[in-house]
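Reviewing the structure listed below.
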Amino acid sequence: MSACKNVLMQDVRSALCQWANRMTPSHSIGITSNVSSFSTRSKFSRVLRPQQQQQQQQRRPYSGVPTRAVAAAFVVKKDDCLWTPLAHRHYLHTDTSTLPLDDEGQPSVPTKRPLIRYTPPGPPPANQKHQTLTLYTITPIPESKLEDLREELFLQLVQYDITGRIYLAKDGINLHVCTPLQHAESLRVSLQNLVLDRFGKGPDGAIWNVSCDQPGERVFKKLKVAVKKQLVVDGRMGQWSIEDSEAPQYLEPEEFHSRLDQVGDKALLIDMRNHFENEVGSFKTAVKMDCITFKENMDLLDELLEGRDKSKEVLMVCTGGIRCSVSGRYLRQKGFEDVKMLKGGITSYGRYVKSKPELKSHFLGKNFTFDGRRGERITDDVISSCHQCNVPHDNITNCANTRCHALFIQCPSCSQKWHNTCGPECHHAIETGSGPATTKPYDYHAQVRPGSLLATDVSKAA
C-alpha cells in the first residue's frame, strides 16, 4: 500500500511539474493561495496534505501556482488552460493501443473526470447588476466530446465571473446562469462558439431566455458544469429515443396567448411543473401535476392521456420550455398528432404580458425559479397561502436549519416568529444547537412536500 501511494505521488508531482513550469505570474486570473475559488471532488483530490503542500511550495522555484491549485491539480490561465487528470492516473503510463476509440478514432479514457466548481471570491461590487438567463438546445453531442466540452465551457465562463448550473448530455445542453450585465454578450458569444456552432441547434433550435425581472443581484453562489446521462431525467432511459422523435409545435408567447383566448377551458392545457412550482402561480385552465420530480410528472402524463384521441390538441407549459420540449417529443413518438407548447415557457410569456399591460394575463401569480430568487412575479395575484398560518402569501423559502432545508411558503409574520424555520423542532435546533432536528438525515421528498406537516406542527406548538 505504501509503495503504491509513493508511485501515485510521483505521478501526480511529475504531471504538475511539467505543466506548472510553463506558467508565468502574469497569466494567472485572480486565484490566490488564500482564496479557495476552485474545487474538485475526486477520491485522489486530497493526496497532498496541507503540510506537504507547504513543503512542496518551498522546494519548488517556480511562481504563479497557488496552493489551492496544487492541491486540486487545477490551474487557469487567460490564454491557456491546464487540467491535471487525477482520476486518470491509471492511464498516465498505459499503452493507448489498448484503450477504446472515440468517434474520431482516437483513444478515449473511460474514467469520468472530477467535478469542478467555481465560487466567486467574495461579493460583487455594490453597483454591479446581474442578468439571469437560460439556454437549452436538443442536439446530439458525441459522448466522447462531453468531458472536454465541460472543461472548455467552465474555463471560458469563469473568466466572466458567471455563476449557475450547466448540464451537458449526449442529447444537448441545458443551462441556467447569472452573469454580470457587462459580460452578457461575451457569454452569448462563448456559448455560440463552443456549443451551437460546433454541434448545431437541432430541429427545436436554440431556446434563449432572459428573466422577467430587471437585472439585479447575483442569484447563484457558484458555477457548476456537469455531464449527465440525460438532459432531463424522465425515468424512461432505453424506452424511447429523443433523437428519433419529432419536435412539438412551438408557439410564440403572442400566439399562445391568442390560442388560449380562442379555446378558453375547452382545450387540454398541461402544466409540466412540480407541485411546489404550480402552487404559487399557474395558468387558469391548466391541469396541474401533483408531483415532485419530472419522472413522476411523466408517469402522470401517461395516466392523464391514456385512452385520449391522439388527433386532439394538447397544449403544454413549463418554466423555461425544456420539460415541454422533452415531454412533447415523447407524446409525438407515442402517436399524438397535435402537440403544441409555449416557446420559452412561462418566463417568455411573463415578459410578453408585462410588455403589453393592456392584455389580461392567462397566467396568475409567480413563476417559480430554481435560483436564489425562488420566483419572478408575473401578476399581482396571490393564489397560495402561508404553510404555517394560512394567510394569503406566495414567497417561497428554505428552512434555516440546513439539516432540514424544507421548501415552503412563509409569510413575514411567521418568519419573524419562527426565525425563518419551518416549525418548533427546527426553531429549537437553531436557537439551542440541540434536539432531533440537528441530526435528522436529509430527505428530498420531505424537503419539497412539507405542506400539511408544517401546519400541524405549528398548531401543536401554538
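Just so we're on the same page: first chain in the C-alpha cells is A, next is B, and so on; residues restart at 1 for each chain, and ligands are numbered from 1 in the order they show up.
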Region 215-319 of chain A residues near region 374-377 of chain A within 9 Å, closest pair each, using only C-alpha atoms, as a tab-separated table:
```
residue	atom	partner	partner_atom	distance
A:Glu277	CA	A:Gly375	CA	8.8
A:Val280	CA	A:Gly375	CA	8.8
A:Gly281	CA	A:Arg377	CA	8.8
```
Report as a compact mmCIF listing (two decimals) with N, CA, C and O atoms, in the first residue's frame all protein, DNA and RNA residues lying within 7 Å of region 408-419 of chain A, evaluated on only C-alpha atoms, omitting residues in the same chain fewer than 6 positions from it.
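Okay, this is what ended up in part.txt:
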```
# COMPACT_ATOMS: atom_id res chain seq x y z
N CYS A 386 -49.63 30.96 3.24
CA CYS A 386 -48.53 30.60 4.14
C CYS A 386 -48.78 29.19 4.69
O CYS A 386 -49.88 28.88 5.14
N HIS A 387 -47.77 28.35 4.66
CA HIS A 387 -47.93 26.98 5.13
C HIS A 387 -48.04 26.88 6.64
O HIS A 387 -48.36 25.81 7.17
N GLN A 388 -47.80 27.98 7.35
CA GLN A 388 -47.81 27.93 8.80
C GLN A 388 -49.03 28.60 9.43
O GLN A 388 -49.50 28.19 10.48
N HIS A 393 -50.26 34.31 0.82
CA HIS A 393 -48.85 34.66 0.66
C HIS A 393 -48.24 33.73 -0.37
O HIS A 393 -48.71 32.60 -0.57
N ASP A 394 -47.18 34.19 -1.06
CA ASP A 394 -46.57 33.33 -2.09
C ASP A 394 -45.05 33.42 -2.16
O ASP A 394 -44.45 33.08 -3.18
N ASN A 395 -44.41 33.86 -1.07
CA ASN A 395 -42.94 33.84 -1.04
C ASN A 395 -42.45 32.48 -0.57
O ASN A 395 -42.77 32.05 0.54
N ILE A 396 -41.67 31.82 -1.41
CA ILE A 396 -41.13 30.50 -1.07
C ILE A 396 -39.73 30.66 -0.50
O ILE A 396 -38.92 31.44 -1.02
N THR A 397 -39.44 29.91 0.54
CA THR A 397 -38.13 29.99 1.18
C THR A 397 -37.70 28.59 1.62
O THR A 397 -38.46 27.63 1.50
N ASN A 398 -36.48 28.49 2.14
CA ASN A 398 -35.97 27.24 2.71
C ASN A 398 -35.81 27.40 4.21
O ASN A 398 -35.44 28.48 4.69
N HIS A 427 -36.80 25.33 14.89
CA HIS A 427 -36.59 26.57 15.63
C HIS A 427 -35.76 26.29 16.88
O HIS A 427 -34.82 27.04 17.22
N PRO A 450 -43.50 19.55 2.40
CA PRO A 450 -43.72 19.62 3.83
C PRO A 450 -45.12 20.07 4.22
O PRO A 450 -45.60 19.74 5.29
N GLY A 451 -45.78 20.83 3.30
CA GLY A 451 -47.12 21.40 3.44
C GLY A 451 -47.88 21.19 4.72
O GLY A 451 -47.73 21.92 5.70
```
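For Gly205 (chain A), the non-local neighbours within 10 Å, defined as residues at least 2 positions apart in the same chain or in other chains and counting only C-alpha atoms, are A:Tyr136, A:Thr137, A:Ile138, A:Thr139, A:Leu196, A:Gly200, A:Lys201, A:Gly202, A:Pro203, A:Ile207, A:Trp208.
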Using only C-alpha atoms, pick whichever of A:Cys404, A:Cys212, A:Val263, A:Ala226 has the shortest atom-to-atom distance to Thr134 (chain A).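 Smallest separation from Thr134 (chain A) among the options: A:Cys212.
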Could you pull the residues within 8 Å of Lys222 (chain A), counting only C-alpha atoms, minus those fewer than 3 positions along the same chain, as a PyMOL selection string? chain A and resi 117-120+163-164
Atom pair CA of Thr379 (chain A) / CA of Ala184 (chain A): separation (Å): 26.8 Å
Near region 231-242 of chain A, within 9 Å and counting only C-alpha atoms, which residues show up once chain neighbours fewer than 5 positions away are dropped, as a PyMOL selection string? chain A and resi 138+167-174+293-299+322-323+326-327+329-330+333
Nearby residues (only C-alpha atoms) at most 9 Å from region 124-129 of chain A, same-chain spacing under 3 positions excluded, as a list in words: Pro120, Pro121, Thr179, Pro180, Leu181, Gln182, Pro215, Gly216, Glu217 and Arg218 of chain A
Taking the chain letters and numbering used in this document, name the residues of region 318-429 of chain A that DSSP puts in helix (DSSP H, G or I), as a VMD selection string. chain A and resid 322 to 333 345 to 355 412 to 417 424 to 429
Can those selected residues be exported to a file as a tab-separated table (two decimals), in the first residue's frame so that it contains C-alpha atoms?
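The result, written out as out_8.tsv:
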```tsv
chain	number	residue	atom	x	y	z
A	322	ILE	CA	-37.16	22.24	-21.80
A	323	ARG	CA	-39.53	19.91	-19.93
A	324	CYS	CA	-42.19	20.55	-22.57
A	325	SER	CA	-39.70	20.01	-25.39
A	326	VAL	CA	-38.81	16.59	-23.97
A	327	SER	CA	-42.34	15.51	-22.98
A	328	GLY	CA	-43.74	16.93	-26.22
A	329	ARG	CA	-41.35	14.78	-28.23
A	330	TYR	CA	-42.34	11.82	-26.08
A	331	LEU	CA	-46.00	12.37	-26.93
A	332	ARG	CA	-45.21	12.76	-30.62
A	333	GLN	CA	-43.38	9.44	-30.58
A	345	GLY	CA	-42.07	28.74	-21.23
A	346	ILE	CA	-43.70	30.89	-18.58
A	347	THR	CA	-40.64	33.12	-18.42
A	348	SER	CA	-41.11	34.27	-22.02
A	349	TYR	CA	-44.88	34.59	-21.53
A	350	GLY	CA	-44.26	36.75	-18.46
A	351	ARG	CA	-42.05	39.12	-20.42
A	352	TYR	CA	-44.71	39.30	-23.12
A	353	VAL	CA	-47.67	40.18	-20.86
A	354	LYS	CA	-45.56	42.67	-18.91
A	355	SER	CA	-44.74	44.44	-22.16
A	412	PRO	CA	-43.21	37.76	7.18
A	413	SER	CA	-45.05	37.27	10.49
A	414	CYS	CA	-44.25	33.55	10.69
A	415	SER	CA	-40.71	34.20	9.51
A	416	GLN	CA	-40.18	36.51	12.45
A	417	LYS	CA	-41.95	34.20	14.90
A	424	PRO	CA	-40.87	24.15	16.55
A	425	GLU	CA	-38.23	21.42	16.13
A	426	CYS	CA	-36.06	23.35	13.69
A	427	HIS	CA	-36.59	26.57	15.63
A	428	HIS	CA	-35.33	24.81	18.78
A	429	ALA	CA	-32.36	23.43	16.83
```
Expressed in Å to a single decimal, how great is the separation between CA of Gln131 (chain A) and CA of Gln214 (chain A)?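 Going from CA of Gln131 (chain A) over to CA of Gln214 (chain A) covers 7.6 Å.
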Quote the spacing between CA of Thr319 (chain A) and CA of Leu260 (chain A) in Å to one decimal place.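 Taking CA of Thr319 (chain A) and CA of Leu260 (chain A), their separation equals 17.5 Å.
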